[in-house]
Amino acid sequence: MSDTAETLATIAHFVSEAPPGELSEVLNDIRGLVNNDELLQEGIVKPFAEYNINSLLVIRSESGEKLIVSKHNQIEDGRFVDFKSKQSFVVDHVAQALSDPQPFEVNAEVADHRAALESSVEAYTQDHYPNGDSAVFAGEGRSLVIVIVNNKFNPSNFWNGRWISEWTVALDSDLVSGELKAHVHYYEDGNVQLKTVKHINTQLSSISSDPIEFASAVVKTILKAETEYQLAVNVTYGQISDTTFKSLRRALPITRTKLDWNSVANYKIGAELSNK
């Protein structure tokens with residue numbers, strides 16, 4: 001592998017591993033390492049596109065349309081579809097900007113169910129994800145794809161996080177499949193990251209040809225699955241704090257004597273006095 005190819009591969013790797021809300025900081029660090037802006041600009045285009053798609057980047061156009069960038073609404077020529085406004089846009093992944101809006105014909109066979117489901121999912125997202133955005137895309141055949149993304153960036157307190165839900169449901173089946181992902185980065189006096197992925201296969205409680213009833217059943221299924229998973233994550237990491245993390249440290253210091261943390265300051269003062 002040539003030096004240039006190796007550098008481009010390294011750039012792609014660093015970009016792909018950027019924590020939520022920290023892509024600009026990672027880019028600045030890469031710039032210092034590469035020290036070649038021309039090569040850097042060449043090297044970040046594809047990795048930025050992949051990162052934005054995987055993290056469900058939300059972009060708003062100058063006229064107010066909101067677009068979630070994902071693999072589910074990507075079409076040819078670098079365009080992405082906003083099914084709500086029935087338009088497709090060119091996405092500049094580096095500048096995170098939309099351009100060249102064009103009309104897009106939505107599959108009429110699923111249009112009513114898609115619109116009803118999007119309305120229900122938006123209400124669900126607003127109720128359960130304070131910083132959330134959502135969209136419903138027409139998938140293959142008579143299927144619909146739901147995406148939800150909730151970003152919480154708190155750099156002043158040294159942590160950032162992202163929640164992503166992706167669900168697929170067909171109009172003529174009670175099967176629902178989903179993937180839930182959480183990524184949190186805490187970096188005050190350290191560097192700790194949490195990444196979780198959960199794949200879910202479940203069923204609707206009922207199947208209805210009515211778009212409103214269909215949407216209600218889907219959202220109830222999503223609510224149940226996501227609530228159960230979030231509670232399970234809370235329990236798991238509470239147990240890790242009480243067991244796994246503690247096992248990484250000695251139960252006693254090497255002196256085999258417990259340290260009185262309330263008297264640490266006194267120990268230091270005593271040591272200083274004994275040296276005088």
# chains A, B, ... in the order shown; residues from 1 in each chain; ligands from 1
>>> residues_around(residues="Phe153 (chain A)", least_positions_apart="3", cutoff="8 Å", atoms="only C-alpha atoms", output="PyMOL selection string")
chain A and resi 20-21+159-161
>>> residues_around(residues="region 138-145 of chain A", least_positions_apart="2", cutoff="12 Å", atoms="only C-alpha atoms", output="PyMOL selection string")
chain A and resi 70-75+81-84+86+105-118+121+134-136+147-148+165-179+214-215+218
>>> closest_residue(among="A:Gln126, A:Ser16, A:Thr202, A:Ser209", to="Lys46 (chain A)", atoms="only C-alpha atoms")
A:Ser16
>>> residues_around(residues="Trp163 (chain A)", least_positions_apart="4", cutoff="6 Å", atoms="only C-alpha atoms", output="list in words")
Val149, Asn150, Lys181 and Ala182 of chain A
>>> write_last_selection(atoms="all heavy atoms", output="PDB file, in the first residue's frame")
ATOM      1  N   VAL A 149     -33.773   9.287  15.372  1.00  0.00           N
ATOM      2  CA  VAL A 149     -32.444   9.639  15.877  1.00  0.00           C
ATOM      3  C   VAL A 149     -32.594  10.727  16.931  1.00  0.00           C
ATOM      4  O   VAL A 149     -33.352  11.681  16.756  1.00  0.00           O
ATOM      5  CB  VAL A 149     -31.501  10.099  14.737  1.00  0.00           C
ATOM      6  CG1 VAL A 149     -32.075  11.276  13.967  1.00  0.00           C
ATOM      7  CG2 VAL A 149     -30.121  10.441  15.290  1.00  0.00           C
ATOM      8  N   ASN A 150     -31.889  10.539  18.038  1.00  0.00           N
ATOM      9  CA  ASN A 150     -31.915  11.526  19.117  1.00  0.00           C
ATOM     10  C   ASN A 150     -30.474  11.815  19.531  1.00  0.00           C
ATOM     11  O   ASN A 150     -29.773  10.925  20.011  1.00  0.00           O
ATOM     12  CB  ASN A 150     -32.703  11.009  20.315  1.00  0.00           C
ATOM     13  CG  ASN A 150     -32.895  12.075  21.387  1.00  0.00           C
ATOM     14  OD1 ASN A 150     -33.837  12.846  21.330  1.00  0.00           O
ATOM     15  ND2 ASN A 150     -32.000  12.128  22.367  1.00  0.00           N
ATOM     16  N   LYS A 181     -29.613   1.296  18.479  1.00  0.00           N
ATOM     17  CA  LYS A 181     -28.200   1.574  18.731  1.00  0.00           C
ATOM     18  C   LYS A 181     -28.053   2.786  19.650  1.00  0.00           C
ATOM     19  O   LYS A 181     -28.752   3.785  19.486  1.00  0.00           O
ATOM     20  CB  LYS A 181     -27.459   1.836  17.414  1.00  0.00           C
ATOM     21  CG  LYS A 181     -27.384   0.641  16.491  1.00  0.00           C
ATOM     22  CD  LYS A 181     -26.566   0.910  15.254  1.00  0.00           C
ATOM     23  CE  LYS A 181     -27.311   1.759  14.254  1.00  0.00           C
ATOM     24  NZ  LYS A 181     -26.594   1.882  12.966  1.00  0.00           N
ATOM     25  N   ALA A 182     -27.144   2.671  20.605  1.00  0.00           N
ATOM     26  CA  ALA A 182     -26.800   3.791  21.469  1.00  0.00           C
ATOM     27  C   ALA A 182     -25.292   3.941  21.487  1.00  0.00           C
ATOM     28  O   ALA A 182     -24.552   2.950  21.534  1.00  0.00           O
ATOM     29  CB  ALA A 182     -27.321   3.570  22.880  1.00  0.00           C
TER      30      ALA A 182
END
>>> select_by_dssp(residues="region 96-172 of chain A", states="alpha helix (DSSP H)", output="PyMOL selection string")
chain A and resi 111-128
>>> write_last_selection(atoms="N, CA, C and O atoms", output="PDB file, in the first residue's frame")
ATOM      1  N   ALA A 111     -48.658   5.118   0.054  1.00  0.00           N
ATOM      2  CA  ALA A 111     -48.616   6.536   0.426  1.00  0.00           C
ATOM      3  C   ALA A 111     -49.469   6.838   1.657  1.00  0.00           C
ATOM      4  O   ALA A 111     -49.030   7.546   2.572  1.00  0.00           O
ATOM      5  N   ASP A 112     -50.705   6.323   1.711  1.00  0.00           N
ATOM      6  CA  ASP A 112     -51.588   6.629   2.842  1.00  0.00           C
ATOM      7  C   ASP A 112     -51.063   6.029   4.145  1.00  0.00           C
ATOM      8  O   ASP A 112     -51.078   6.680   5.196  1.00  0.00           O
ATOM      9  N   HIS A 113     -50.602   4.798   4.091  1.00  0.00           N
ATOM     10  CA  HIS A 113     -50.057   4.148   5.288  1.00  0.00           C
ATOM     11  C   HIS A 113     -48.764   4.839   5.729  1.00  0.00           C
ATOM     12  O   HIS A 113     -48.523   5.015   6.932  1.00  0.00           O
ATOM     13  N   ARG A 114     -47.952   5.245   4.764  1.00  0.00           N
ATOM     14  CA  ARG A 114     -46.704   5.923   5.106  1.00  0.00           C
ATOM     15  C   ARG A 114     -46.984   7.245   5.816  1.00  0.00           C
ATOM     16  O   ARG A 114     -46.364   7.559   6.837  1.00  0.00           O
ATOM     17  N   ALA A 115     -47.918   8.036   5.291  1.00  0.00           N
ATOM     18  CA  ALA A 115     -48.240   9.332   5.885  1.00  0.00           C
ATOM     19  C   ALA A 115     -48.827   9.170   7.290  1.00  0.00           C
ATOM     20  O   ALA A 115     -48.472   9.907   8.221  1.00  0.00           O
ATOM     21  N   ALA A 116     -49.725   8.188   7.456  1.00  0.00           N
ATOM     22  CA  ALA A 116     -50.327   7.954   8.776  1.00  0.00           C
ATOM     23  C   ALA A 116     -49.278   7.491   9.776  1.00  0.00           C
ATOM     24  O   ALA A 116     -49.252   7.937  10.936  1.00  0.00           O
ATOM     25  N   LEU A 117     -48.394   6.604   9.334  1.00  0.00           N
ATOM     26  CA  LEU A 117     -47.350   6.097  10.223  1.00  0.00           C
ATOM     27  C   LEU A 117     -46.361   7.200  10.580  1.00  0.00           C
ATOM     28  O   LEU A 117     -45.920   7.302  11.738  1.00  0.00           O
ATOM     29  N   GLU A 118     -46.025   8.045   9.621  1.00  0.00           N
ATOM     30  CA  GLU A 118     -45.094   9.137   9.911  1.00  0.00           C
ATOM     31  C   GLU A 118     -45.680  10.078  10.960  1.00  0.00           C
ATOM     32  O   GLU A 118     -44.976  10.539  11.866  1.00  0.00           O
ATOM     33  N   SER A 119     -46.967  10.378  10.862  1.00  0.00           N
ATOM     34  CA  SER A 119     -47.614  11.254  11.833  1.00  0.00           C
ATOM     35  C   SER A 119     -47.570  10.643  13.236  1.00  0.00           C
ATOM     36  O   SER A 119     -47.263  11.328  14.220  1.00  0.00           O
ATOM     37  N   SER A 120     -47.853   9.343  13.337  1.00  0.00           N
ATOM     38  CA  SER A 120     -47.835   8.664  14.633  1.00  0.00           C
ATOM     39  C   SER A 120     -46.424   8.573  15.195  1.00  0.00           C
ATOM     40  O   SER A 120     -46.207   8.747  16.398  1.00  0.00           O
ATOM     41  N   VAL A 121     -45.453   8.309  14.338  1.00  0.00           N
ATOM     42  CA  VAL A 121     -44.059   8.208  14.782  1.00  0.00           C
ATOM     43  C   VAL A 121     -43.540   9.568  15.239  1.00  0.00           C
ATOM     44  O   VAL A 121     -42.788   9.661  16.221  1.00  0.00           O
ATOM     45  N   GLU A 122     -43.937  10.627  14.548  1.00  0.00           N
ATOM     46  CA  GLU A 122     -43.522  11.967  14.971  1.00  0.00           C
ATOM     47  C   GLU A 122     -44.049  12.284  16.368  1.00  0.00           C
ATOM     48  O   GLU A 122     -43.326  12.854  17.204  1.00  0.00           O
ATOM     49  N   ALA A 123     -45.303  11.918  16.646  1.00  0.00           N
ATOM     50  CA  ALA A 123     -45.878  12.151  17.973  1.00  0.00           C
ATOM     51  C   ALA A 123     -45.152  11.320  19.029  1.00  0.00           C
ATOM     52  O   ALA A 123     -44.850  11.804  20.137  1.00  0.00           O
ATOM     53  N   TYR A 124     -44.858  10.079  18.702  1.00  0.00           N
ATOM     54  CA  TYR A 124     -44.120   9.197  19.613  1.00  0.00           C
ATOM     55  C   TYR A 124     -42.727   9.756  19.900  1.00  0.00           C
ATOM     56  O   TYR A 124     -42.276   9.790  21.053  1.00  0.00           O
ATOM     57  N   THR A 125     -42.048  10.197  18.861  1.00  0.00           N
ATOM     58  CA  THR A 125     -40.698  10.743  19.020  1.00  0.00           C
ATOM     59  C   THR A 125     -40.712  11.994  19.886  1.00  0.00           C
ATOM     60  O   THR A 125     -39.858  12.173  20.768  1.00  0.00           O
ATOM     61  N   GLN A 126     -41.680  12.856  19.659  1.00  0.00           N
ATOM     62  CA  GLN A 126     -41.791  14.082  20.446  1.00  0.00           C
ATOM     63  C   GLN A 126     -42.029  13.770  21.922  1.00  0.00           C
ATOM     64  O   GLN A 126     -41.504  14.458  22.805  1.00  0.00           O
ATOM     65  N   ASP A 127     -42.792  12.723  22.196  1.00  0.00           N
ATOM     66  CA  ASP A 127     -43.110  12.362  23.582  1.00  0.00           C
ATOM     67  C   ASP A 127     -41.944  11.703  24.306  1.00  0.00           C
ATOM     68  O   ASP A 127     -41.808  11.858  25.526  1.00  0.00           O
ATOM     69  N   HIS A 128     -41.099  10.960  23.576  1.00  0.00           N
ATOM     70  CA  HIS A 128     -40.102  10.123  24.240  1.00  0.00           C
ATOM     71  C   HIS A 128     -38.653  10.510  23.973  1.00  0.00           C
ATOM     72  O   HIS A 128     -37.751  10.022  24.674  1.00  0.00           O
TER      73      HIS A 128
END
>>> select_by_dssp(residues="region 184-217 of chain A", states="strand (DSSP E or B)", output="list of chain:residue names")
A:Val184, A:His185, A:Tyr186, A:Val192, A:Gln193, A:Leu194, A:Lys195, A:Thr196, A:Val197, A:Lys198, A:His199, A:Ile200, A:Asn201, A:Thr202, A:Gln203
>>> atom_distance(atom1="CA of Ser63 (chain A)", atom2="CA of Asp133 (chain A)")
17.8 Å
>>> atom_distance(atom1="CA of Asp189 (chain A)", atom2="CA of Val34 (chain A)")
26.2 Å
>>> atom_distance(atom1="CA of Leu39 (chain A)", atom2="CA of Ser99 (chain A)")
25.2 Å
